[in-house]
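Shown next: start19.txt, containing compact mmCIF, N, CA and C atoms.
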```txt
# COMPACT_ATOMS: atom_id res chain seq x y z
N MET Y 174 22.03 -37.67 58.65
CA MET Y 174 21.73 -36.49 57.83
C MET Y 174 20.36 -36.65 57.18
N PRO Y 175 19.56 -35.58 57.21
CA PRO Y 175 18.27 -35.65 56.50
C PRO Y 175 18.48 -35.55 54.99
N LYS Y 176 17.46 -35.99 54.27
CA LYS Y 176 17.53 -35.90 52.81
C LYS Y 176 17.46 -34.44 52.37
N ILE Y 177 18.03 -34.16 51.21
CA ILE Y 177 17.98 -32.81 50.64
C ILE Y 177 16.86 -32.79 49.63
N LYS Y 178 16.05 -31.74 49.65
CA LYS Y 178 14.98 -31.63 48.64
C LYS Y 178 15.58 -31.22 47.31
N SER Y 179 15.12 -31.90 46.25
CA SER Y 179 15.55 -31.54 44.90
C SER Y 179 14.76 -30.32 44.44
N HIS Y 180 15.39 -29.49 43.63
CA HIS Y 180 14.73 -28.30 43.08
C HIS Y 180 13.81 -28.73 41.95
N SER Y 181 12.51 -28.48 42.08
CA SER Y 181 11.53 -28.98 41.12
C SER Y 181 11.75 -28.45 39.71
N GLY Y 182 12.13 -27.18 39.59
CA GLY Y 182 12.38 -26.60 38.28
C GLY Y 182 13.61 -27.21 37.63
N ALA Y 183 14.65 -27.44 38.41
CA ALA Y 183 15.89 -28.02 37.88
C ALA Y 183 15.69 -29.48 37.47
N LYS Y 184 14.84 -30.20 38.21
CA LYS Y 184 14.55 -31.60 37.87
C LYS Y 184 14.03 -31.73 36.45
N LYS Y 185 13.17 -30.77 36.07
CA LYS Y 185 12.53 -30.81 34.76
C LYS Y 185 13.46 -30.36 33.64
N ARG Y 186 14.46 -29.55 33.98
CA ARG Y 186 15.28 -28.90 32.94
C ARG Y 186 16.63 -29.56 32.69
N PHE Y 187 17.15 -30.30 33.65
CA PHE Y 187 18.50 -30.85 33.52
C PHE Y 187 18.53 -32.35 33.73
N LYS Y 188 19.48 -33.00 33.04
CA LYS Y 188 19.76 -34.41 33.26
C LYS Y 188 21.27 -34.54 33.41
N ILE Y 189 21.70 -35.60 34.10
CA ILE Y 189 23.12 -35.87 34.24
C ILE Y 189 23.46 -37.06 33.34
N SER Y 190 24.49 -36.90 32.51
CA SER Y 190 24.89 -37.99 31.63
C SER Y 190 25.69 -39.02 32.43
N LYS Y 191 25.97 -40.16 31.79
CA LYS Y 191 26.72 -41.21 32.49
C LYS Y 191 28.10 -40.73 32.90
N GLY Y 192 28.67 -39.85 32.11
CA GLY Y 192 29.99 -39.31 32.43
C GLY Y 192 29.97 -38.18 33.44
N GLY Y 193 28.77 -37.79 33.91
CA GLY Y 193 28.65 -36.74 34.92
C GLY Y 193 28.46 -35.34 34.37
N LYS Y 194 28.28 -35.24 33.04
CA LYS Y 194 28.05 -33.92 32.44
C LYS Y 194 26.58 -33.54 32.62
N VAL Y 195 26.33 -32.23 32.71
CA VAL Y 195 24.96 -31.72 32.86
C VAL Y 195 24.41 -31.43 31.46
N ILE Y 196 23.30 -32.09 31.13
CA ILE Y 196 22.67 -31.94 29.82
C ILE Y 196 21.49 -30.97 29.95
N ARG Y 197 21.39 -30.05 28.99
CA ARG Y 197 20.31 -29.06 29.01
C ARG Y 197 19.73 -28.91 27.61
N ALA Y 198 18.57 -28.27 27.53
CA ALA Y 198 17.95 -27.97 26.24
C ALA Y 198 18.34 -26.55 25.84
N HIS Y 199 18.24 -26.27 24.55
CA HIS Y 199 18.52 -24.91 24.06
C HIS Y 199 17.35 -23.99 24.37
N ALA Y 200 17.63 -22.72 24.51
CA ALA Y 200 16.60 -21.70 24.70
C ALA Y 200 16.16 -21.17 23.33
N PHE Y 201 15.19 -20.28 23.30
CA PHE Y 201 14.70 -19.59 22.10
C PHE Y 201 13.99 -20.52 21.12
N LYS Y 202 13.27 -21.53 21.62
CA LYS Y 202 12.60 -22.46 20.73
C LYS Y 202 11.09 -22.49 20.96
N SER Y 203 10.56 -21.60 21.81
CA SER Y 203 9.15 -21.71 22.18
C SER Y 203 8.20 -20.86 21.35
N HIS Y 204 8.61 -19.66 20.97
CA HIS Y 204 7.70 -18.81 20.18
C HIS Y 204 8.52 -17.84 19.33
N ILE Y 205 7.84 -17.06 18.52
CA ILE Y 205 8.46 -16.16 17.52
C ILE Y 205 9.40 -16.98 16.63
N LEU Y 206 8.82 -18.02 16.00
CA LEU Y 206 9.63 -18.93 15.20
C LEU Y 206 9.64 -18.57 13.72
N ASN Y 207 8.83 -17.59 13.30
CA ASN Y 207 8.76 -17.21 11.88
C ASN Y 207 10.09 -16.68 11.37
N LYS Y 208 10.71 -15.83 12.16
CA LYS Y 208 11.93 -15.15 11.69
C LYS Y 208 13.17 -16.03 11.81
N LYS Y 209 13.06 -17.15 12.51
CA LYS Y 209 14.21 -18.04 12.65
C LYS Y 209 14.24 -19.02 11.49
N THR Y 210 15.42 -19.27 10.99
CA THR Y 210 15.56 -20.17 9.84
C THR Y 210 15.31 -21.61 10.27
N THR Y 211 14.97 -22.44 9.30
CA THR Y 211 14.72 -23.86 9.57
C THR Y 211 15.97 -24.52 10.14
N LYS Y 212 17.11 -24.15 9.60
CA LYS Y 212 18.38 -24.70 10.06
C LYS Y 212 18.63 -24.36 11.53
N ARG Y 213 18.33 -23.11 11.88
CA ARG Y 213 18.53 -22.67 13.26
C ARG Y 213 17.59 -23.40 14.21
N LYS Y 214 16.31 -23.54 13.80
CA LYS Y 214 15.33 -24.23 14.65
C LYS Y 214 15.69 -25.70 14.82
N ARG Y 215 16.19 -26.30 13.77
CA ARG Y 215 16.60 -27.71 13.82
C ARG Y 215 17.76 -27.88 14.80
N GLY Y 216 18.68 -26.94 14.80
CA GLY Y 216 19.81 -26.99 15.73
C GLY Y 216 19.38 -26.81 17.18
N LEU Y 217 18.34 -26.03 17.40
CA LEU Y 217 17.86 -25.78 18.76
C LEU Y 217 17.16 -26.99 19.36
N ARG Y 218 16.76 -27.96 18.53
CA ARG Y 218 16.13 -29.18 19.04
C ARG Y 218 17.10 -30.05 19.82
N LYS Y 219 18.37 -30.00 19.43
CA LYS Y 219 19.37 -30.86 20.03
C LYS Y 219 19.69 -30.41 21.45
N THR Y 220 20.18 -31.37 22.24
CA THR Y 220 20.57 -31.03 23.61
C THR Y 220 21.97 -30.43 23.60
N ALA Y 221 22.30 -29.78 24.69
CA ALA Y 221 23.61 -29.16 24.83
C ALA Y 221 24.17 -29.51 26.21
N VAL Y 222 25.46 -29.33 26.37
CA VAL Y 222 26.10 -29.57 27.66
C VAL Y 222 26.20 -28.23 28.37
N ALA Y 223 25.83 -28.21 29.65
CA ALA Y 223 25.89 -26.97 30.42
C ALA Y 223 27.34 -26.53 30.59
N ASP Y 224 27.53 -25.23 30.69
CA ASP Y 224 28.86 -24.66 30.86
C ASP Y 224 29.45 -25.10 32.20
N LYS Y 225 30.77 -25.25 32.24
CA LYS Y 225 31.44 -25.74 33.45
C LYS Y 225 31.25 -24.80 34.64
N THR Y 226 30.97 -23.53 34.39
CA THR Y 226 30.77 -22.58 35.49
C THR Y 226 29.44 -22.81 36.22
N ASN Y 227 28.49 -23.49 35.57
CA ASN Y 227 27.18 -23.74 36.17
C ASN Y 227 27.01 -25.16 36.69
N VAL Y 228 27.95 -26.03 36.39
CA VAL Y 228 27.78 -27.46 36.71
C VAL Y 228 27.61 -27.70 38.20
N ALA Y 229 28.45 -27.09 39.03
CA ALA Y 229 28.39 -27.32 40.48
C ALA Y 229 27.06 -26.87 41.05
N ALA Y 230 26.54 -25.75 40.59
CA ALA Y 230 25.27 -25.23 41.09
C ALA Y 230 24.11 -26.14 40.70
N VAL Y 231 24.13 -26.63 39.45
CA VAL Y 231 23.04 -27.50 38.98
C VAL Y 231 23.07 -28.83 39.73
N LYS Y 232 24.24 -29.39 39.93
CA LYS Y 232 24.35 -30.67 40.64
C LYS Y 232 23.88 -30.54 42.08
N ARG Y 233 24.06 -29.36 42.67
CA ARG Y 233 23.57 -29.13 44.03
C ARG Y 233 22.05 -29.09 44.07
N LEU Y 234 21.43 -28.62 42.97
CA LEU Y 234 19.97 -28.53 42.91
C LEU Y 234 19.31 -29.89 42.70
N ILE Y 235 20.03 -30.80 42.02
CA ILE Y 235 19.46 -32.14 41.77
C ILE Y 235 20.41 -33.21 42.32
N PRO Y 236 20.48 -33.35 43.64
CA PRO Y 236 21.46 -34.25 44.25
C PRO Y 236 21.24 -35.72 43.97
N TYR Y 237 20.00 -36.16 43.71
CA TYR Y 237 19.73 -37.59 43.57
C TYR Y 237 19.53 -38.03 42.13
N LYS Y 238 19.81 -37.17 41.17
CA LYS Y 238 19.59 -37.52 39.77
C LYS Y 238 20.80 -38.19 39.19
```
Here is a file; write its structure as structure tokens.
Amino acid sequence: MPKIKSHSGAKKRFKISKGGKVIRAHAFKSHILNKKTTKRKRGLRKTAVADKTNVAAVKRLIPYK
């Protein structure tokens, strides 16, 4: 079998934890930050676990990670 190419965009956006969960960053943290509270912005810094409905698709995009 030939190797599968990894999706370049997915490589940059997702990581797989040791337990096999897909780790992602929060959205809405790049601009228009004036109206967002400090507490909200601080929460957006943390990583999140991808929803179970998207896990299979993401793992297919990054097979060797």
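Of the listed residues (Y:Ala183, Y:Lys225, Y:Lys232, Y:Leu217), Y:Leu217 comes nearest to Y:Lys202; the distances count only N, CA and C atoms.
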Could you list, as a PyMOL selection string, every residue within 12 Å of Y:Tyr237, counting only C-alpha atoms and ignoring same-chain residues fewer than 2 positions away? chain Y and resi 176-180+183-184+188-189+231-235
Export of the given selection (N, CA and C atoms) as a compact mmCIF listing (two decimals), in the coordinates of the input:
```
# COMPACT_ATOMS: atom_id res chain seq x y z
N LYS Y 176 17.46 -35.99 54.27
CA LYS Y 176 17.53 -35.90 52.81
C LYS Y 176 17.46 -34.44 52.37
N ILE Y 177 18.03 -34.16 51.21
CA ILE Y 177 17.98 -32.81 50.64
C ILE Y 177 16.86 -32.79 49.63
N LYS Y 178 16.05 -31.74 49.65
CA LYS Y 178 14.98 -31.63 48.64
C LYS Y 178 15.58 -31.22 47.31
N SER Y 179 15.12 -31.90 46.25
CA SER Y 179 15.55 -31.54 44.90
C SER Y 179 14.76 -30.32 44.44
N HIS Y 180 15.39 -29.49 43.63
CA HIS Y 180 14.73 -28.30 43.08
C HIS Y 180 13.81 -28.73 41.95
N ALA Y 183 14.65 -27.44 38.41
CA ALA Y 183 15.89 -28.02 37.88
C ALA Y 183 15.69 -29.48 37.47
N LYS Y 184 14.84 -30.20 38.21
CA LYS Y 184 14.55 -31.60 37.87
C LYS Y 184 14.03 -31.73 36.45
N LYS Y 188 19.48 -33.00 33.04
CA LYS Y 188 19.76 -34.41 33.26
C LYS Y 188 21.27 -34.54 33.41
N ILE Y 189 21.70 -35.60 34.10
CA ILE Y 189 23.12 -35.87 34.24
C ILE Y 189 23.46 -37.06 33.34
N VAL Y 231 24.13 -26.63 39.45
CA VAL Y 231 23.04 -27.50 38.98
C VAL Y 231 23.07 -28.83 39.73
N LYS Y 232 24.24 -29.39 39.93
CA LYS Y 232 24.35 -30.67 40.64
C LYS Y 232 23.88 -30.54 42.08
N ARG Y 233 24.06 -29.36 42.67
CA ARG Y 233 23.57 -29.13 44.03
C ARG Y 233 22.05 -29.09 44.07
N LEU Y 234 21.43 -28.62 42.97
CA LEU Y 234 19.97 -28.53 42.91
C LEU Y 234 19.31 -29.89 42.70
N ILE Y 235 20.03 -30.80 42.02
CA ILE Y 235 19.46 -32.14 41.77
C ILE Y 235 20.41 -33.21 42.32
```
Suppose you want the space between atom CA of Y:Gly192 and atom CA of Y:Ala223; what is it in Å?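 Separating atom CA of Y:Gly192 from atom CA of Y:Ala223 is a distance of 13.2 Å.
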What is the distance between atom N of Y:Ser203 and atom CA of Y:Thr220, in Å to one decimal?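 Going from atom N of Y:Ser203 over to atom CA of Y:Thr220, I get 13.9 Å.
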Please, what distance in Å, to one decimal, runs between atom N of Y:Phe201 and atom C of Y:Ala229?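 Computing the Euclidean distance for atom N of Y:Phe201 and atom C of Y:Ala229 yields 22.3 Å.
Proximity to Y:Asn227 was assessed for Y:Val195, Y:Ala200, Y:Lys185, Y:Thr210 counting all atoms listed in the file; the smallest distance is recorded for Y:Val195.
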Nearest to Y:His199 among Y:Phe187, Y:Ser181, Y:Lys212, Y:Arg218, with distances taken over only N, CA and C atoms: which residue is it?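 So, comparing all the options, the nearest one is Y:Arg218.
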Considering only alpha helix (DSSP H) as DSSP defines it on the backbone, what residues of stretch 183-218 of chain Y qualify? List them as a VMD selection string. chain Y and resid 183 to 186 211 to 218
Go ahead and write the selection's residues with N, CA and C atoms as a PDB file, in the frame of the given file.
```pdb
ATOM      1  N   ALA Y 183      14.650 -27.440  38.410  1.00  0.00           N
ATOM      2  CA  ALA Y 183      15.890 -28.020  37.880  1.00  0.00           C
ATOM      3  C   ALA Y 183      15.690 -29.480  37.470  1.00  0.00           C
ATOM      4  N   LYS Y 184      14.840 -30.200  38.210  1.00  0.00           N
ATOM      5  CA  LYS Y 184      14.550 -31.600  37.870  1.00  0.00           C
ATOM      6  C   LYS Y 184      14.030 -31.730  36.450  1.00  0.00           C
ATOM      7  N   LYS Y 185      13.170 -30.770  36.070  1.00  0.00           N
ATOM      8  CA  LYS Y 185      12.530 -30.810  34.760  1.00  0.00           C
ATOM      9  C   LYS Y 185      13.460 -30.360  33.640  1.00  0.00           C
ATOM     10  N   ARG Y 186      14.460 -29.550  33.980  1.00  0.00           N
ATOM     11  CA  ARG Y 186      15.280 -28.900  32.940  1.00  0.00           C
ATOM     12  C   ARG Y 186      16.630 -29.560  32.690  1.00  0.00           C
ATOM     13  N   THR Y 211      14.970 -22.440   9.300  1.00  0.00           N
ATOM     14  CA  THR Y 211      14.720 -23.860   9.570  1.00  0.00           C
ATOM     15  C   THR Y 211      15.970 -24.520  10.140  1.00  0.00           C
ATOM     16  N   LYS Y 212      17.110 -24.150   9.600  1.00  0.00           N
ATOM     17  CA  LYS Y 212      18.380 -24.700  10.060  1.00  0.00           C
ATOM     18  C   LYS Y 212      18.630 -24.360  11.530  1.00  0.00           C
ATOM     19  N   ARG Y 213      18.330 -23.110  11.880  1.00  0.00           N
ATOM     20  CA  ARG Y 213      18.530 -22.670  13.260  1.00  0.00           C
ATOM     21  C   ARG Y 213      17.590 -23.400  14.210  1.00  0.00           C
ATOM     22  N   LYS Y 214      16.310 -23.540  13.800  1.00  0.00           N
ATOM     23  CA  LYS Y 214      15.330 -24.230  14.650  1.00  0.00           C
ATOM     24  C   LYS Y 214      15.690 -25.700  14.820  1.00  0.00           C
ATOM     25  N   ARG Y 215      16.190 -26.300  13.770  1.00  0.00           N
ATOM     26  CA  ARG Y 215      16.600 -27.710  13.820  1.00  0.00           C
ATOM     27  C   ARG Y 215      17.760 -27.880  14.800  1.00  0.00           C
ATOM     28  N   GLY Y 216      18.680 -26.940  14.800  1.00  0.00           N
ATOM     29  CA  GLY Y 216      19.810 -26.990  15.730  1.00  0.00           C
ATOM     30  C   GLY Y 216      19.380 -26.810  17.180  1.00  0.00           C
ATOM     31  N   LEU Y 217      18.340 -26.030  17.400  1.00  0.00           N
ATOM     32  CA  LEU Y 217      17.860 -25.780  18.760  1.00  0.00           C
ATOM     33  C   LEU Y 217      17.160 -26.990  19.360  1.00  0.00           C
ATOM     34  N   ARG Y 218      16.760 -27.960  18.530  1.00  0.00           N
ATOM     35  CA  ARG Y 218      16.130 -29.180  19.040  1.00  0.00           C
ATOM     36  C   ARG Y 218      17.100 -30.050  19.820  1.00  0.00           C
TER      37      ARG Y 218
END
```
Would you compute the box with edges along x, y and z of the file around stretch 180-194 of chain Y, including every atom the file lists for it and 5 Å extra on each side, and give its centre and edge lengths in Å to one decimal, as lines of an AutoDock Vina configuration file?
```
center_x = 20.8
center_y = -33.9
center_z = 37.6
size_x = 28.5
size_y = 24.6
size_z = 22.0
```
Of the candidates Y:Lys209, Y:Lys194, Y:Lys214, Y:Arg186, which one gets nearest to Y:Val228 if we count only N, CA and C atoms? Y:Lys194
I need the residues in chain Y that are strand (DSSP E or B) according to DSSP; give them as a list of chain:residue names. Y:Lys188, Y:Ile189, Y:Val195, Y:Ile196, Y:Arg197, Y:Ala198, Y:Thr220, Y:Ala221, Y:Val222
Output file for the selection above: N, CA and C atoms, as a PDB file, in the frame of the given file:
```
ATOM      1  N   LYS Y 188      19.480 -33.000  33.040  1.00  0.00           N
ATOM      2  CA  LYS Y 188      19.760 -34.410  33.260  1.00  0.00           C
ATOM      3  C   LYS Y 188      21.270 -34.540  33.410  1.00  0.00           C
ATOM      4  N   ILE Y 189      21.700 -35.600  34.100  1.00  0.00           N
ATOM      5  CA  ILE Y 189      23.120 -35.870  34.240  1.00  0.00           C
ATOM      6  C   ILE Y 189      23.460 -37.060  33.340  1.00  0.00           C
ATOM      7  N   VAL Y 195      26.330 -32.230  32.710  1.00  0.00           N
ATOM      8  CA  VAL Y 195      24.960 -31.720  32.860  1.00  0.00           C
ATOM      9  C   VAL Y 195      24.410 -31.430  31.460  1.00  0.00           C
ATOM     10  N   ILE Y 196      23.300 -32.090  31.130  1.00  0.00           N
ATOM     11  CA  ILE Y 196      22.670 -31.940  29.820  1.00  0.00           C
ATOM     12  C   ILE Y 196      21.490 -30.970  29.950  1.00  0.00           C
ATOM     13  N   ARG Y 197      21.390 -30.050  28.990  1.00  0.00           N
ATOM     14  CA  ARG Y 197      20.310 -29.060  29.010  1.00  0.00           C
ATOM     15  C   ARG Y 197      19.730 -28.910  27.610  1.00  0.00           C
ATOM     16  N   ALA Y 198      18.570 -28.270  27.530  1.00  0.00           N
ATOM     17  CA  ALA Y 198      17.950 -27.970  26.240  1.00  0.00           C
ATOM     18  C   ALA Y 198      18.340 -26.550  25.840  1.00  0.00           C
ATOM     19  N   THR Y 220      20.180 -31.370  22.240  1.00  0.00           N
ATOM     20  CA  THR Y 220      20.570 -31.030  23.610  1.00  0.00           C
ATOM     21  C   THR Y 220      21.970 -30.430  23.600  1.00  0.00           C
ATOM     22  N   ALA Y 221      22.300 -29.780  24.690  1.00  0.00           N
ATOM     23  CA  ALA Y 221      23.610 -29.160  24.830  1.00  0.00           C
ATOM     24  C   ALA Y 221      24.170 -29.510  26.210  1.00  0.00           C
ATOM     25  N   VAL Y 222      25.460 -29.330  26.370  1.00  0.00           N
ATOM     26  CA  VAL Y 222      26.100 -29.570  27.660  1.00  0.00           C
ATOM     27  C   VAL Y 222      26.200 -28.230  28.370  1.00  0.00           C
TER      28      VAL Y 222
END
```
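If only N, CA and C atoms are the atoms counted, then among Y:Lys238, Y:Arg213, Y:Ala221, Y:Gly182 the closest residue to Y:Arg197 is Y:Ala221.
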Counting only C-alpha atoms, which of Y:Pro175, Y:His204, Y:Ile196, Y:Ser190 gets nearest to Y:Lys219?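 With only C-alpha atoms as the atom set, the closest residue is Y:Ile196.
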